[in-house]
Amino acid sequence: LTFTKGGTNQQTVRIQALARGTANIQIDSANAGGLPIKNQEIITVVQGALKNPSFESTPPPSGVGYGAIAGWTSVGSSGINTSAGPFADNGVIPDRTQVGFLQGAGSLSQNAQGLIPGKHYWLQFFYNVRNGSLMDLSVNVAGKEVASIKGITPVGDAVPYNFENIPFVADSPNPLIEFKTTPTGDSTLLLDAATIVQRDPGQIVVRNPSFEASGSVYPYPGYFPSVGGWDVSGGGGRGVNIDGAGPFTDNGRANSGDVVLFMQGNGATISQNLTGLTSGQKYIVAYLVNARGGGAEDTTYSVLINGASVFDGDITPVGGSNPYYLNQVEFTADATEDVLGFQGTTATGDHTVLFDNVIVLPSTAAPFILEDPVSAVKPVGGSASFKVLAIGGGTLTYQWKKDGQPITTQTADTLTLDTLSLASSGNYSVDVKNAGGTNTSAVAHLTVLDLVPGVYNTGVGNDRVILDDGLTDPHYTLIKNANDTNSAIAFVGDSTIFPISTGNWYANNDLSKWIEPLTDTGAALPGDYVYRMNLDLTGFDPSTVILTGNVGTDNSVEIWVNGVDTGVSETGFGSLTPVTVSGAFKAGLNQVDFAVKNDGPAVGPTGLRIEGLAVLGTKGTASSQPQITASRTGQLIRLAWPVTATGYRLQSITTLGGTWADSALPTTVVGTDNVATDSTSVGAARFYRLIK
């Protein structure tokens with residue numbers, strides 16, 4: 001960004017979120033010409049249920065801390081404090097070093113992300129008030145009060161914050177989570193370490209069980225003085241890392257929110273007090289565990305109950321993107337309260353053990369499902385696989401169902417379907433059972449479509465056999481070539497140079513190879529390289545067409561269809577990333593462009609790799625169902641659909657997954673269209689459909 005003398009002192013840059021993690025953008029103040037400048041911006045990309053749960057994503061605003069809170073919407077006076085105050089003037093901050101505050105009557109809120117309607121969840125948070133405050137707190141989920149906490153007073157110096165665990169059932173994927181205050185006089189609420197985790201009724205409450213309350217990982221490499229809900233002790237270091245991003249989470253995938261706890265060194269310990277136990281009853285502690293890569297010996301750890309080991313583990317890193325180990329340990333409660341702990345015990349060397357998703361439940365309870373089967377789109381004649389991950393006492397049994405009806409031969413934790421037909425499409429779920437009861441997974445939808453012919457991976461011939469280095473890829477054409485505007489050839493790269501000698505690019509195999517503007521792509525100029533694939537959808541309904549595949553690029557790629565940006569983009573050449581494009585196609589011939597950008601300023605390697613590419617759709621003409629079109633003038637949204645769509649009515653909903661309702665918008669006839677106008681306020685979402 002260049003700032004011109006006498007011009008505006010504020011400019012905006014668009015940043016594309018590509019993967020989970022934290023970017024710290026620092027500005028070189030030495031080149032600021034003596035102007036005062038804010039020296040850093042922190043950008044965090046998350047996939048978890050709540051954004052900025054520990055109020056650590058940005059530094060506190062200047063002064064006493066008033067200001068916007070990243071990820072949260074506030075009504076009233078709000079901001080961020082450290083223990084230096086002035087509002088966070090008592091108590092021990094639960095997680096790291098910052099808390100959010102809300103002064104007087106107001107609210108802090110945000111929409112949760114990715115919840116499964118009908119599932120049970122815990123909303124957890126820590127709270128306190130400023131010295132001299134007296135305050136009531138109402139907690140709402142999707143507009144319904146789920147907790148009312150009256151008469152909150154300061155906890156006092158060197159005393160932990162209050163903790164609250166609120167069960168609720170999700171009625172949509174994105175319910176509004178809202179903290180509303182009713183003060184007496186000049187009072188201020190202090191809030192920290194909020195988290196949402198999926199848990200079933202009857203489980204023992206574990207504070208911050210998936211370590212998501214710690215939020216963004218900054219500063220690097222993630223060492224923290226405190227981890228919400230857990231007491232820390234012993235030698236070594238501890239903190240959280242982004243799952244799979246490192247530096248400690250350098251292998252495997254926990255697949256449980258954004259972050260993973262790490263404990264480095266012999267004797268590093270975390271623990272917390274469990275309440276609500278029955279003395280003499282058996283319980284199960286289940287958790288995900290892994291070790292940082294490297295080291296000549298295995299990493300060891302212990303699970304502790306009241307300081308005594310009930311399990312000693314010995315693990316090697318899972319490696320690659322393999323799932324973490326799932327372990328469950330049984331213990332007998334000594335009393336109504338016991339202390340659960342985890343400890344690193346490797347005596348020598350630099351070892352780090354990784355933990356996530358800690359669960360405690362009675363051994364007599366019904367199974368608990370950690371991972372549900374995932375929906376899929378597959379071609380006719382292909383295969384599909386669904387898997388469930390569950391824990392529980394005794395022997396677990398499985399019964400898969402299609403559209404609610406048992407599949408008698410499918411009684412394992414994994415369902416595999418071969419030689420798929422159009423009739424294989426449907427809703428698949430599984431009942432997991434033990435002596436304590438039955439739990440049913442979320443539904444995974446399988447869509448089986450016909451395979452569109454004429455679609456190829458990069459670097460293969462018409463027979464789908466990989467081509468020799470230096471040959472021309474017949475299925476991709478460079479319509480834009482920053483290195484040579486006169487050349488449209490997409491070469492199969494020289495494998496002796498890339499990727500072999502670099503050790504960085506994803507290795508060629510017998511399914512696909514890298515294609516490049518030059519055989520020796522290391523000499524490519526910076527700029528844009530657009531690879532075009534022609535796609536003939538004659539005989540297919542374009543509204544049903546889906547493109548799927550795995551893409552790698554040096555340095556980044558956007559996917560365009562018929563000259564329109566689909567919004568699908570990817571970056572990285574060390575691995576291939578799944579992509580999906582839908583809703584962008586038309587009848588007949590389509591042009592699919594992979595727009596690669598080679599970063600500068602000097603010459604350097606660039607290329608494109610596509611593997612597992614498939615285009616699927618339903619054979620036949622476009623649907624005869626009427627379509628709604630939407631256009632905007634200012635803040636008015638104009639909805640239109642053909643007057644020939646007799647018998648249809650307009651319905652709307654604010655959050656997908658809820659209950660649709662007939663729209664109250666007045667409808668008029670304009671030319672050949674029915675037209676309705678919506679003036680919904682800025683920032684609000686609303687979905688519409690026609691139903692007959």
# chains A, B, ... in the order shown; residues from 1 in each chain; ligands from 1

call {"tool": "select_by_dssp", "arguments": {"residues": "range 536-634 of chain A", "states": "strand (DSSP E)", "output": "count of residues only"}}
result
70

call {"tool": "residues_around", "arguments": {"residues": "Ala291 in chain A", "least_positions_apart": "6", "cutoff": "10 Å", "atoms": "only C-alpha atoms", "output": "number ranges by chain"}}
result
A: 248-252, 262-264, 298-301, 314-319, 324-325, 351-355

call {"tool": "residues_around", "arguments": {"residues": "Val92 in chain A", "least_positions_apart": "5", "cutoff": "7 Å", "atoms": "only C-alpha atoms", "output": "PyMOL selection string"}}
result
chain A and resi 158-161

call {"tool": "residues_around", "arguments": {"residues": "Thr73 in chain A", "least_positions_apart": "4", "cutoff": "7 Å", "atoms": "only C-alpha atoms", "output": "list in words"}}
result
Leu108, Ser109 and Gln110 of chain A

call {"tool": "write_last_selection", "arguments": {"atoms": "N, CA, C and O atoms", "output": "PDB file, in the first residue's frame"}}
result
ATOM      1  N   LEU A 108     -22.863  -8.569  24.691  1.00  0.00           N
ATOM      2  CA  LEU A 108     -21.816  -9.078  23.811  1.00  0.00           C
ATOM      3  C   LEU A 108     -22.376 -10.316  23.131  1.00  0.00           C
ATOM      4  O   LEU A 108     -22.930 -11.204  23.812  1.00  0.00           O
ATOM      5  N   SER A 109     -22.232 -10.414  21.811  1.00  0.00           N
ATOM      6  CA  SER A 109     -22.854 -11.540  21.113  1.00  0.00           C
ATOM      7  C   SER A 109     -22.066 -11.889  19.856  1.00  0.00           C
ATOM      8  O   SER A 109     -21.308 -11.087  19.316  1.00  0.00           O
ATOM      9  N   GLN A 110     -22.277 -13.107  19.399  1.00  0.00           N
ATOM     10  CA  GLN A 110     -21.821 -13.557  18.090  1.00  0.00           C
ATOM     11  C   GLN A 110     -22.579 -14.823  17.731  1.00  0.00           C
ATOM     12  O   GLN A 110     -23.103 -15.527  18.597  1.00  0.00           O
TER      13      GLN A 110
END

call {"tool": "residues_around", "arguments": {"residues": "range 468-480 of chain A", "least_positions_apart": "5", "cutoff": "7 Å", "atoms": "only C-alpha atoms", "output": "PyMOL selection string"}}
result
chain A and resi 456+459-461+485+488-495+519+528-533

call {"tool": "closest_residue", "arguments": {"among": "A:Thr544, A:Asn598, A:Pro642, A:Arg609", "to": "Ala584 in chain A", "atoms": "only C-alpha atoms"}}
result
A:Thr544

call {"tool": "closest_residue", "arguments": {"among": "A:Tyr398, A:Phe168, A:Phe87, A:Phe55", "to": "Pro117 in chain A", "atoms": "only C-alpha atoms"}}
result
A:Phe168

call {"tool": "atom_distance", "arguments": {"atom1": "CA of Arg649 in chain A", "atom2": "CA of Ala661 in chain A"}}
result
10.3 Å

call {"tool": "residues_around", "arguments": {"residues": "range 368-380 of chain A", "least_positions_apart": "4", "cutoff": "7 Å", "atoms": "only C-alpha atoms", "output": "CSV table (one decimal) with N, CA and C atoms, in the first residue's frame"}}
result
chain,number,residue,atom,x,y,z
A,384,ALA,N,-18.3,-45.5,-2.0
A,384,ALA,CA,-18.4,-44.5,-0.9
A,384,ALA,C,-18.2,-45.2,0.4
A,386,PHE,N,-18.4,-44.4,4.7
A,386,PHE,CA,-18.8,-43.6,5.9
A,386,PHE,C,-18.3,-44.2,7.1
A,387,LYS,N,-17.8,-43.4,8.1
A,387,LYS,CA,-17.2,-43.9,9.3
A,387,LYS,C,-17.7,-43.1,10.5
A,388,VAL,N,-17.8,-43.8,11.6
A,388,VAL,CA,-18.2,-43.2,12.9
A,388,VAL,C,-17.1,-43.5,13.9
A,389,LEU,N,-16.9,-42.5,14.8
A,389,LEU,CA,-15.9,-42.7,15.9
A,389,LEU,C,-16.6,-42.5,17.2
A,390,ALA,N,-16.6,-43.5,18.0
A,390,ALA,CA,-17.4,-43.5,19.3
A,390,ALA,C,-16.6,-44.1,20.4
A,391,ILE,N,-17.0,-43.7,21.6
A,391,ILE,CA,-16.4,-44.3,22.9
A,391,ILE,C,-17.5,-44.8,23.8
A,392,GLY,N,-17.2,-45.6,24.7
A,392,GLY,CA,-18.2,-46.1,25.7
A,392,GLY,C,-17.7,-47.3,26.4
A,420,LEU,N,-21.8,-48.1,-7.0
A,420,LEU,CA,-22.9,-47.2,-6.7
A,420,LEU,C,-23.8,-47.1,-7.9
A,421,SER,N,-25.1,-46.9,-7.6
A,421,SER,CA,-26.1,-46.6,-8.6
A,421,SER,C,-26.9,-45.4,-8.2
A,422,LEU,N,-27.7,-44.8,-9.1
A,422,LEU,CA,-28.5,-43.6,-8.7
A,422,LEU,C,-29.3,-44.0,-7.5
A,439,ASN,N,-26.9,-44.6,20.9
A,439,ASN,CA,-26.8,-43.2,20.4
A,439,ASN,C,-26.8,-43.3,18.9
A,441,SER,N,-26.0,-41.4,15.2
A,441,SER,CA,-25.1,-40.4,14.6
A,441,SER,C,-26.0,-39.4,13.8
A,442,ALA,N,-25.3,-38.3,13.5
A,442,ALA,CA,-25.9,-37.3,12.5
A,442,ALA,C,-26.1,-38.0,11.2
A,444,ALA,N,-25.6,-38.5,7.3
A,444,ALA,CA,-24.7,-38.2,6.1
A,444,ALA,C,-25.5,-38.4,4.8
A,445,HIS,N,-25.5,-37.4,4.0
A,445,HIS,CA,-26.2,-37.6,2.7
A,445,HIS,C,-25.3,-38.0,1.6
A,446,LEU,N,-25.7,-39.1,0.9
A,446,LEU,CA,-24.9,-39.6,-0.2
A,446,LEU,C,-25.7,-39.2,-1.5
A,447,THR,N,-25.0,-38.4,-2.4
A,447,THR,CA,-25.5,-38.1,-3.7
A,447,THR,C,-24.7,-38.8,-4.7
A,448,VAL,N,-25.4,-39.6,-5.5
A,448,VAL,CA,-24.8,-40.3,-6.6
A,448,VAL,C,-25.2,-39.7,-7.9
A,449,LEU,N,-24.3,-39.3,-8.7
A,449,LEU,CA,-24.6,-38.6,-10.0
A,449,LEU,C,-23.8,-39.3,-11.1
A,450,ASP,N,-24.3,-39.1,-12.3
A,450,ASP,CA,-23.6,-39.6,-13.5
A,450,ASP,C,-22.3,-38.8,-13.7
A,451,LEU,N,-21.3,-39.5,-14.3
A,451,LEU,CA,-20.0,-39.0,-14.5
A,451,LEU,C,-20.0,-38.3,-15.9
A,616,LEU,N,-19.6,-34.3,-12.0
A,616,LEU,CA,-20.8,-35.2,-11.9
A,616,LEU,C,-22.0,-34.3,-12.1
